[in-house]
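Notes follow once the structure below has been shown.
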Amino acid sequence: MSIKTKLALMISLVVAVTLTMNISISYITSEAELKHNAEQQMATIAKQIGSTLEATEKSRNYMEDLVGETLRNVSLAALSELDPHVRNVTNEQLAELSRKLGVDHITLWVRTPDDILAVRSSDPTQIGLSSKTWDYWYTAFQQLFDRKPVTVPQGQKLKDYWSGPIQYSTADSTRIDKWGYYYDGTADYMIDPYVDAKRFLEFEKNNGADLLVRNLLTDNPNILGIAGINPEFFGKPPILKKKNGKLVQNLDVREIVFGDYTYKEGSKDAEAVQRTVRAGVSVSTFGRADGKDIMKSFIPLRVGSSVYVAGVTFDYGAIERVLYRQLMLQICISLGLLLAASAASYMIAGLSIRPLHQIVAKVGEIAQGRFDDTIPIRRRDELGLLSSRINQMAGNLRTYTGKLQDTAEELRGTKEYLESFVGQTSDAIHVTDLAGKVIRVNPAFEKMFGWSADEVLGRPLPIWSVEGDYLEIGNRVQRGEAVADHETVRLTKEGQAVDVSITVSPIRSEDGQIVAIAEIARNITSRKQAEEAIRRSEKLSIVGQLAAGVAHEIRNPLTTVRGFVQLQRQTGKLPESHLDVMLSELDRINLIVGEFLILAKPQAQQFQPVELKTLLSDIILLLNPLAQMSQIRVDTVFDTDIPRINGDANQLKQVFINLLKNGIEAMPDGGTITIAMRTVPEDRAVTVRVADEGVGIPEENMPRVGEPFFTSKPNGNGLGLMVSQRIIAHHKGTLSIQSRAGIGTTVEVKLPAL
């Protein structure tokens with residue numbers, strides 16, 4: 001593809017992206033504006049409904065209160081004409097009295113020990129009714145019979161009187177009545193006159209919020225539904241009462257108080273209603289119901305002391321249709337603009353890059369080795385400057401090409417030899433510049449130290465010298481010195497120490513200036529380990545000979561002493577208790593001498609299951625007085641379930657006594673020794689860690705810890721730790737030491753569990 005076409009496509013692409021962003025922004029802003037207008041419209045509708053509902057509620061409350069006062073007056077009039085004892089009142093009297101006082105029926109209620117029952121009534125269906133399951137109605141009845149003010153929030157409350165809300169009749173589920181209940185203590189019954197209240201509901205439906213909803217739906221075709229929601233019962237299972245054999249939902253527990261709730265979205269609507277009530281602000285949701293895209297707004301309404309939610313359902317498809325028409329119009333206009341911009345950009349690109357054809361042709365000649373022709377320069381812009389530089393480059397190339405060809409032949413042979421040597425040698429080679437950045441490594445370097453070429457080229461090596469001599473050697477080489485066969489320690493990428501012998505040399509330029517430093521490293525770890533093994537073997541041999549001689553010389557007099565003590569015991573000249581103590585102590589000395597022979601040769605061991613927790617507890621009890629004299633506290637942290645190990649209890653006791661005494665002697669100013677024992681299930685092992693807060697071991701002495709006769713104690717002999725290591729090794733375990741000067745020492749013993 002030519003530059004002309006690419007440039008035209010790039011300009012067209014910029015125009016297309018700009019037009020797309022314009023369409024997207026326009027679509028988003030238009031959608032937001034239409035949504036806002038729809039929400040405002042629904043908020044206005046809700047405000048109208050709220051005003052109408054408040055007026056309707058006031059009218060309804062006024063009429064209910066008026067009817068309630070009338071029923072109270074009827075109660076007083078009926079009470080004055082009836083006998084105060086219910087047994088003397090007949091149902092026929094109540095029917096005649098109902099016609100006389102202008103009410104539908106009158107019922108008399110009597111309180112029993114566990115209920116309040118209807119015992120007389122002008123309506124035979126009322127007789128025998130129980131009120132025990134009537135919720136707050138039963139509470140109001142109890143308070144009237146107790147001559148207390150009625151406290152239930154529902155209904156009308158006057159002196160000795162309560163009128164419940166309009167509700168379905170329990171005896172006849174087809175009736176909707178208004179009741180009044182009066183009891184002043186002058187009779188042994190509560191009088192209950194009531195009238196048919198269906199006309200009140202019909203008046204409210206034809207003149208209140210329902211009428212307004214019907215008118216709004218007619219005037220606003222995009223409004224699909226309007227409903228008044230009672231948040232207390234919305235989204236919950238309906239509360240049904242069985243009245244006269246039929247299930248009836250009472251008027252005061254319905255979730256929809258006016259309008260129709262047709263486009264239902266279940267739990268989604270219930271959650272939105274609860275959010276509206278909690279926050280006190282409108283909440284809008286979007287969804288799809290009955291095959292239509294809809295937007296719902298839930299607006300809080302406060303009518304007197306009641307809180308309702310107006311749910312308005314809007315046809316979101318109307319917004320989408322408007323947006324679709326706008327989108328199609330903008331796309332058509334944008335396509336026309338894009339086509340015009342593409343044609344114009346193609347023409348402009350052709351005029352702009354015409355001089356590039358001459359430059360491309362000249363570069364092609366240079367690539368083929370023809371440097372004689374030059375480009376005619378007729379412009380003073382960037383393209384004219386580029387033509388001038390290409391002419392100059394062609395002249396320079398013509399001069400130096402011949403020289404380079406000769407030099408290249410000479411260097412090719414030398415370079416191939418050096419590359420072969422560097423790539424195939426087993427010694428690690430790396431080259432750094434004077435700033436310490438790596439510029440070359442060979443495969444042996446990658447294998448020995450673990451860093452790949454990509455990880456180190458162009459950057460300084462990490463700190464990888466254990467002895468800290470890397471910078472010192474580098475400074476010497478930069479001064480022109482060469483370092484040969486210098487033994488040191490280097491760290492691999494994983495932090496593992498490697499013993500190496502290095503040769504470091506400067507690399508100089510033609511004028512003698514040092515431009516880089518080359519280092520060749522040879523791995524001498526195996527040689528070092530062999531030398532260390534020989535050195536330790538020689539020391540152990542000497543120690544073994546010494547131990548054998550000492551043990552032989554000590555055992556002879558011990559045998560003689562033991563024989564005399566036994567003879568003395570037979571004569572009975574000394575107390576029996578003294579002789580027992582002497583024999584016990586001599587046996588102990590003999591045992592210690594026998595353990596000392598571990599340095600000379602392997603001993604016969606009596607391995608058996610050992611409870612480490614018990615063994616350590618005995619040792620702590622033995623050495624605790626010594627620790628307290630030095631103001632040292634011994635803390636223990638033991639796992640609850642420690643398995644037994646297979647070992648020699650006396651030898652293990654010698655190890656842990658040695659470790660604990662070392663910790664006590666390392667803290668002359670007091671402190672804490674912590675002994676932690678835990679199980680390692682994955683290794684089937686038990687670890688015992690003894691940590692002190694003592695003077696610690698200097699870093700330079702750590703490599704020699706455990707060597708025979710090496711000790712930092714004024715009166716030590718340097719054999720205790722070595723004997724302990726030998727004992728643990730015979731038990732197929734490990735003993736490791738970590739220490740920092742001035743902080744303390746931690747010794748960990750790991751033994752296999754049974």
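To be explicit about the labels: the chains of the structure tokens are called A, B, and onward in the order shown, and within each one the residues are counted from 1, while ligands get numbers from 1 in the order they are shown.
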Find the residues near segment 322-325 of chain A: any atom within 8 Å, counting only C-alpha atoms, skip ones fewer than 4 places away on the same chain, and give them as an MDAnalysis selection string.
-> chainID A and resid 27 30:31 318 329
What's the 12 Å shell around segment 265-279 of chain A, counting only C-alpha atoms, without same-chain residues fewer than 6 positions away, as an MDAnalysis selection string?
-> chainID A and resid 228:237 255 285:290 294:302 306:313
Just N, CA and C atoms for this one: save the residues we selected as a short mmCIF file (atom, residue, chain, number, x, y, z; two decimals), in the first residue's frame.
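Below you can see out_8.cif, which holds the result:
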data_model
loop_
_atom_site.label_atom_id
_atom_site.label_comp_id
_atom_site.auth_asym_id
_atom_site.auth_seq_id
_atom_site.Cartn_x
_atom_site.Cartn_y
_atom_site.Cartn_z
N GLY A 228 -50.91 2.96 43.07
CA GLY A 228 -50.55 3.39 44.41
C GLY A 228 -50.16 2.18 45.24
N ILE A 229 -48.94 2.15 45.78
CA ILE A 229 -48.37 0.97 46.43
C ILE A 229 -48.25 1.21 47.93
N ASN A 230 -48.72 0.23 48.70
CA ASN A 230 -48.51 0.25 50.15
C ASN A 230 -47.21 -0.51 50.44
N PRO A 231 -46.10 0.18 50.79
CA PRO A 231 -44.82 -0.50 50.93
C PRO A 231 -44.79 -1.52 52.06
N GLU A 232 -45.72 -1.40 53.00
CA GLU A 232 -45.71 -2.34 54.12
C GLU A 232 -46.05 -3.76 53.67
N PHE A 233 -46.88 -3.87 52.61
CA PHE A 233 -47.34 -5.20 52.19
C PHE A 233 -46.89 -5.55 50.77
N PHE A 234 -46.25 -4.61 50.05
CA PHE A 234 -45.88 -4.86 48.66
C PHE A 234 -44.75 -5.88 48.57
N GLY A 235 -44.90 -6.81 47.65
CA GLY A 235 -43.87 -7.81 47.43
C GLY A 235 -43.87 -8.94 48.44
N LYS A 236 -44.86 -8.94 49.34
CA LYS A 236 -44.95 -9.99 50.35
C LYS A 236 -46.16 -10.88 50.05
N PRO A 237 -46.20 -12.11 50.56
CA PRO A 237 -47.37 -12.97 50.34
C PRO A 237 -48.63 -12.28 50.87
N GLU A 255 -51.61 -4.57 48.91
CA GLU A 255 -50.39 -3.92 48.43
C GLU A 255 -50.67 -2.79 47.44
N THR A 285 -36.16 2.30 37.47
CA THR A 285 -35.64 1.03 37.02
C THR A 285 -36.00 0.82 35.55
N PHE A 286 -35.25 -0.03 34.90
CA PHE A 286 -35.49 -0.33 33.49
C PHE A 286 -35.59 -1.85 33.34
N GLY A 287 -36.47 -2.29 32.46
CA GLY A 287 -36.64 -3.71 32.26
C GLY A 287 -37.54 -3.99 31.09
N ARG A 288 -38.03 -5.22 31.05
CA ARG A 288 -38.91 -5.65 29.98
C ARG A 288 -40.00 -6.52 30.57
N ALA A 289 -41.25 -6.18 30.28
CA ALA A 289 -42.38 -6.92 30.80
C ALA A 289 -43.49 -6.91 29.76
N ASP A 290 -44.15 -8.07 29.65
CA ASP A 290 -45.25 -8.23 28.67
C ASP A 290 -44.80 -7.83 27.27
N ILE A 294 -39.68 -1.11 29.24
CA ILE A 294 -40.36 -0.17 30.13
C ILE A 294 -39.36 0.51 31.04
N MET A 295 -39.77 1.67 31.53
CA MET A 295 -39.04 2.39 32.57
C MET A 295 -40.03 2.68 33.68
N LYS A 296 -39.68 2.32 34.89
CA LYS A 296 -40.55 2.55 36.04
C LYS A 296 -39.92 3.57 36.97
N SER A 297 -40.76 4.46 37.45
CA SER A 297 -40.34 5.41 38.49
C SER A 297 -41.19 5.18 39.72
N PHE A 298 -40.53 5.02 40.85
CA PHE A 298 -41.21 4.84 42.14
C PHE A 298 -40.99 6.11 42.96
N ILE A 299 -42.09 6.86 43.20
CA ILE A 299 -42.01 8.18 43.85
C ILE A 299 -42.68 8.09 45.22
N PRO A 300 -41.99 8.52 46.30
CA PRO A 300 -42.61 8.46 47.63
C PRO A 300 -43.74 9.48 47.77
N LEU A 301 -44.84 9.08 48.41
CA LEU A 301 -45.97 9.96 48.69
C LEU A 301 -46.28 9.87 50.18
N ARG A 302 -46.39 11.03 50.82
CA ARG A 302 -46.77 11.07 52.23
C ARG A 302 -48.14 11.71 52.33
N SER A 306 -49.52 8.43 56.72
CA SER A 306 -49.25 7.24 55.92
C SER A 306 -48.24 7.54 54.83
N VAL A 307 -47.44 6.52 54.48
CA VAL A 307 -46.45 6.64 53.42
C VAL A 307 -46.82 5.65 52.31
N TYR A 308 -47.01 6.18 51.11
CA TYR A 308 -47.29 5.35 49.94
C TYR A 308 -46.21 5.59 48.91
N VAL A 309 -46.20 4.74 47.89
CA VAL A 309 -45.28 4.88 46.76
C VAL A 309 -46.09 4.85 45.48
N ALA A 310 -45.93 5.88 44.66
CA ALA A 310 -46.60 5.92 43.36
C ALA A 310 -45.69 5.24 42.34
N GLY A 311 -46.18 4.16 41.75
CA GLY A 311 -45.42 3.45 40.72
C GLY A 311 -45.94 3.80 39.34
N VAL A 312 -45.12 4.51 38.56
CA VAL A 312 -45.53 4.96 37.22
C VAL A 312 -44.70 4.19 36.20
N THR A 313 -45.37 3.50 35.26
CA THR A 313 -44.71 2.71 34.22
C THR A 313 -44.76 3.46 32.91
#
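Among A:Ile331, A:Leu751, A:Leu158, A:Leu34, the residue with the shortest atom-to-atom distance to Asn22 of chain A, counting only C-alpha atoms, is A:Ile331.
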Segment 493-505 of chain A surroundings by only C-alpha atoms, 8 Å radius, close-in-sequence under 4 positions cut, as a PyMOL selection string | chain A and resi 449-451+464+466+473+477+481-489+517-525+528
Selection to disk with N, CA and C atoms, as a PDB file, in the first residue's frame:
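again27.pdb was written with the following content:
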ATOM      1  N   PHE A 449      25.585 -19.156  37.020  1.00  0.00           N
ATOM      2  CA  PHE A 449      24.982 -18.212  37.973  1.00  0.00           C
ATOM      3  C   PHE A 449      23.470 -18.078  37.822  1.00  0.00           C
ATOM      4  N   GLY A 450      22.861 -18.648  36.787  1.00  0.00           N
ATOM      5  CA  GLY A 450      21.408 -18.693  36.698  1.00  0.00           C
ATOM      6  C   GLY A 450      20.760 -17.513  36.022  1.00  0.00           C
ATOM      7  N   TRP A 451      21.496 -16.422  35.750  1.00  0.00           N
ATOM      8  CA  TRP A 451      20.901 -15.266  35.061  1.00  0.00           C
ATOM      9  C   TRP A 451      20.982 -15.480  33.553  1.00  0.00           C
ATOM     10  N   TRP A 464      26.322  -9.648  44.215  1.00  0.00           N
ATOM     11  CA  TRP A 464      26.502 -11.098  44.160  1.00  0.00           C
ATOM     12  C   TRP A 464      27.838 -11.535  44.727  1.00  0.00           C
ATOM     13  N   VAL A 466      29.853 -12.320  48.074  1.00  0.00           N
ATOM     14  CA  VAL A 466      29.701 -12.542  49.512  1.00  0.00           C
ATOM     15  C   VAL A 466      30.758 -11.784  50.293  1.00  0.00           C
ATOM     16  N   ILE A 473      37.908  -4.930  43.359  1.00  0.00           N
ATOM     17  CA  ILE A 473      38.611  -5.475  42.191  1.00  0.00           C
ATOM     18  C   ILE A 473      38.326  -4.627  40.959  1.00  0.00           C
ATOM     19  N   VAL A 477      41.086  -2.736  38.490  1.00  0.00           N
ATOM     20  CA  VAL A 477      41.188  -2.977  37.048  1.00  0.00           C
ATOM     21  C   VAL A 477      41.020  -1.669  36.277  1.00  0.00           C
ATOM     22  N   GLU A 481      45.267  -2.286  36.450  1.00  0.00           N
ATOM     23  CA  GLU A 481      45.823  -3.509  36.989  1.00  0.00           C
ATOM     24  C   GLU A 481      45.025  -4.720  36.488  1.00  0.00           C
ATOM     25  N   ALA A 482      45.649  -5.884  36.522  1.00  0.00           N
ATOM     26  CA  ALA A 482      44.990  -7.142  36.181  1.00  0.00           C
ATOM     27  C   ALA A 482      45.020  -8.044  37.409  1.00  0.00           C
ATOM     28  N   VAL A 483      43.904  -8.724  37.688  1.00  0.00           N
ATOM     29  CA  VAL A 483      43.787  -9.613  38.842  1.00  0.00           C
ATOM     30  C   VAL A 483      43.651 -11.030  38.305  1.00  0.00           C
ATOM     31  N   ALA A 484      44.553 -11.931  38.759  1.00  0.00           N
ATOM     32  CA  ALA A 484      44.550 -13.295  38.246  1.00  0.00           C
ATOM     33  C   ALA A 484      44.444 -14.290  39.396  1.00  0.00           C
ATOM     34  N   ASP A 485      43.663 -15.355  39.199  1.00  0.00           N
ATOM     35  CA  ASP A 485      43.519 -16.481  40.136  1.00  0.00           C
ATOM     36  C   ASP A 485      43.152 -16.016  41.547  1.00  0.00           C
ATOM     37  N   HIS A 486      42.240 -15.085  41.619  1.00  0.00           N
ATOM     38  CA  HIS A 486      41.765 -14.598  42.922  1.00  0.00           C
ATOM     39  C   HIS A 486      40.576 -15.464  43.354  1.00  0.00           C
ATOM     40  N   GLU A 487      40.721 -16.122  44.529  1.00  0.00           N
ATOM     41  CA  GLU A 487      39.654 -16.987  45.024  1.00  0.00           C
ATOM     42  C   GLU A 487      38.677 -16.164  45.860  1.00  0.00           C
ATOM     43  N   THR A 488      37.401 -16.311  45.538  1.00  0.00           N
ATOM     44  CA  THR A 488      36.363 -15.559  46.237  1.00  0.00           C
ATOM     45  C   THR A 488      35.068 -16.364  46.171  1.00  0.00           C
ATOM     46  N   VAL A 489      33.985 -15.748  46.599  1.00  0.00           N
ATOM     47  CA  VAL A 489      32.671 -16.402  46.607  1.00  0.00           C
ATOM     48  C   VAL A 489      31.685 -15.509  45.856  1.00  0.00           C
ATOM     49  N   ILE A 517      35.569  -4.015  31.156  1.00  0.00           N
ATOM     50  CA  ILE A 517      36.246  -4.936  32.063  1.00  0.00           C
ATOM     51  C   ILE A 517      35.704  -6.334  31.806  1.00  0.00           C
ATOM     52  N   ALA A 518      36.607  -7.294  31.634  1.00  0.00           N
ATOM     53  CA  ALA A 518      36.218  -8.685  31.403  1.00  0.00           C
ATOM     54  C   ALA A 518      36.605  -9.531  32.612  1.00  0.00           C
ATOM     55  N   GLU A 519      35.687 -10.416  33.026  1.00  0.00           N
ATOM     56  CA  GLU A 519      35.951 -11.301  34.159  1.00  0.00           C
ATOM     57  C   GLU A 519      35.689 -12.741  33.740  1.00  0.00           C
ATOM     58  N   ILE A 520      36.672 -13.626  34.041  1.00  0.00           N
ATOM     59  CA  ILE A 520      36.539 -15.057  33.788  1.00  0.00           C
ATOM     60  C   ILE A 520      36.502 -15.747  35.143  1.00  0.00           C
ATOM     61  N   ALA A 521      35.428 -16.535  35.390  1.00  0.00           N
ATOM     62  CA  ALA A 521      35.239 -17.190  36.685  1.00  0.00           C
ATOM     63  C   ALA A 521      35.215 -18.697  36.483  1.00  0.00           C
ATOM     64  N   ARG A 522      35.979 -19.423  37.346  1.00  0.00           N
ATOM     65  CA  ARG A 522      36.024 -20.886  37.294  1.00  0.00           C
ATOM     66  C   ARG A 522      35.481 -21.433  38.617  1.00  0.00           C
ATOM     67  N   ASN A 523      34.566 -22.383  38.545  1.00  0.00           N
ATOM     68  CA  ASN A 523      33.915 -22.959  39.724  1.00  0.00           C
ATOM     69  C   ASN A 523      34.893 -23.894  40.440  1.00  0.00           C
ATOM     70  N   ILE A 524      35.222 -23.551  41.725  1.00  0.00           N
ATOM     71  CA  ILE A 524      36.138 -24.394  42.504  1.00  0.00           C
ATOM     72  C   ILE A 524      35.443 -24.910  43.760  1.00  0.00           C
ATOM     73  N   THR A 525      34.100 -25.005  43.708  1.00  0.00           N
ATOM     74  CA  THR A 525      33.344 -25.447  44.886  1.00  0.00           C
ATOM     75  C   THR A 525      33.721 -26.868  45.289  1.00  0.00           C
ATOM     76  N   LYS A 528      37.059 -26.930  47.065  1.00  0.00           N
ATOM     77  CA  LYS A 528      36.958 -26.369  48.420  1.00  0.00           C
ATOM     78  C   LYS A 528      36.337 -27.377  49.376  1.00  0.00           C
TER      79      LYS A 528
END
Figure out the distance between atom CA of Arg508 of chain A and atom CA of Gln478 of chain A, please, to one decimal in Å.
-> 10.3 Å
Surrounding residues of segment 159-167 of chain A excluding itself and chain neighbours under 5 positions, 10 Å, only C-alpha atoms, as a ChimeraX atom specification | /A:61,64-65,67-69,71-72,75,136-137,140-141,143-145,147-152,154,173,175-185,190-198,200-201,249-252
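Atom CA of Ile697 of chain A lies 8.7 Å from atom CA of Gln738 of chain A.
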Identify, with DSSP run on backbone atoms, the residues in segment 296-375 of chain A assigned to strand (DSSP E), and express the list as a count of residues only.
-> 18
Could you name the residues that touch segment 100-102 of chain A at 9 Å or less, counting only C-alpha atoms, but leaving out those on the same chain fewer than 4 positions away, as a ChimeraX atom specification?
-> /A:74,77-78,95-96,195
Dump N, CA and C atoms for the selected residues as a PDB file, in the first residue's frame?
ATOM      1  N   VAL A  74     -76.005   6.167  67.978  1.00  0.00           N
ATOM      2  CA  VAL A  74     -76.945   5.055  67.888  1.00  0.00           C
ATOM      3  C   VAL A  74     -76.724   4.096  69.051  1.00  0.00           C
ATOM      4  N   ALA A  77     -78.289   5.539  72.149  1.00  0.00           N
ATOM      5  CA  ALA A  77     -79.747   5.464  72.085  1.00  0.00           C
ATOM      6  C   ALA A  77     -80.223   4.035  72.302  1.00  0.00           C
ATOM      7  N   ALA A  78     -79.514   3.053  71.687  1.00  0.00           N
ATOM      8  CA  ALA A  78     -79.922   1.662  71.837  1.00  0.00           C
ATOM      9  C   ALA A  78     -79.726   1.195  73.266  1.00  0.00           C
ATOM     10  N   ALA A  95     -83.539  -6.379  66.100  1.00  0.00           N
ATOM     11  CA  ALA A  95     -83.966  -6.118  64.727  1.00  0.00           C
ATOM     12  C   ALA A  95     -84.914  -4.930  64.679  1.00  0.00           C
ATOM     13  N   GLU A  96     -85.843  -4.892  65.608  1.00  0.00           N
ATOM     14  CA  GLU A  96     -86.782  -3.756  65.651  1.00  0.00           C
ATOM     15  C   GLU A  96     -86.041  -2.456  65.955  1.00  0.00           C
ATOM     16  N   VAL A 195     -73.298  -0.364  59.585  1.00  0.00           N
ATOM     17  CA  VAL A 195     -74.021  -0.023  58.353  1.00  0.00           C
ATOM     18  C   VAL A 195     -73.197  -0.488  57.151  1.00  0.00           C
TER      19      VAL A 195
END
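For Arg87 of chain A, the list of residues within 12 Å, based on only C-alpha atoms and with local chain neighbours fewer than 5 positions off taken out, reads A:Leu82, A:Leu108, A:Trp109, A:Val110, A:Val119, A:Arg120, A:Ala187, A:Asp188, A:Tyr189.
Of the listed residues (A:Lys713, A:Ser342, A:Gln424, A:Arg740), A:Ser342 comes nearest to Leu13 of chain A; the distances count only C-alpha atoms.
The space between atom CA of Pro84 of chain A and atom CA of Leu117 of chain A spans 16.9 Å.
Taking only C-alpha atoms into account, Gly696 of chain A lies nearest to A:Gly744 out of the set A:Met42, A:Arg678, A:Phe710, A:Gly744.
Nearest-residue note for Ile728 of chain A: choosing from A:Gly663, A:Asp669, A:Gln40, A:Gly647, the minimum distance belongs to A:Gly647, counting only C-alpha atoms.
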Best match for closeness to Asn475 of chain A among A:Ile514, A:Ala16, A:Ser426, A:Met448, counting only C-alpha atoms | A:Ile514
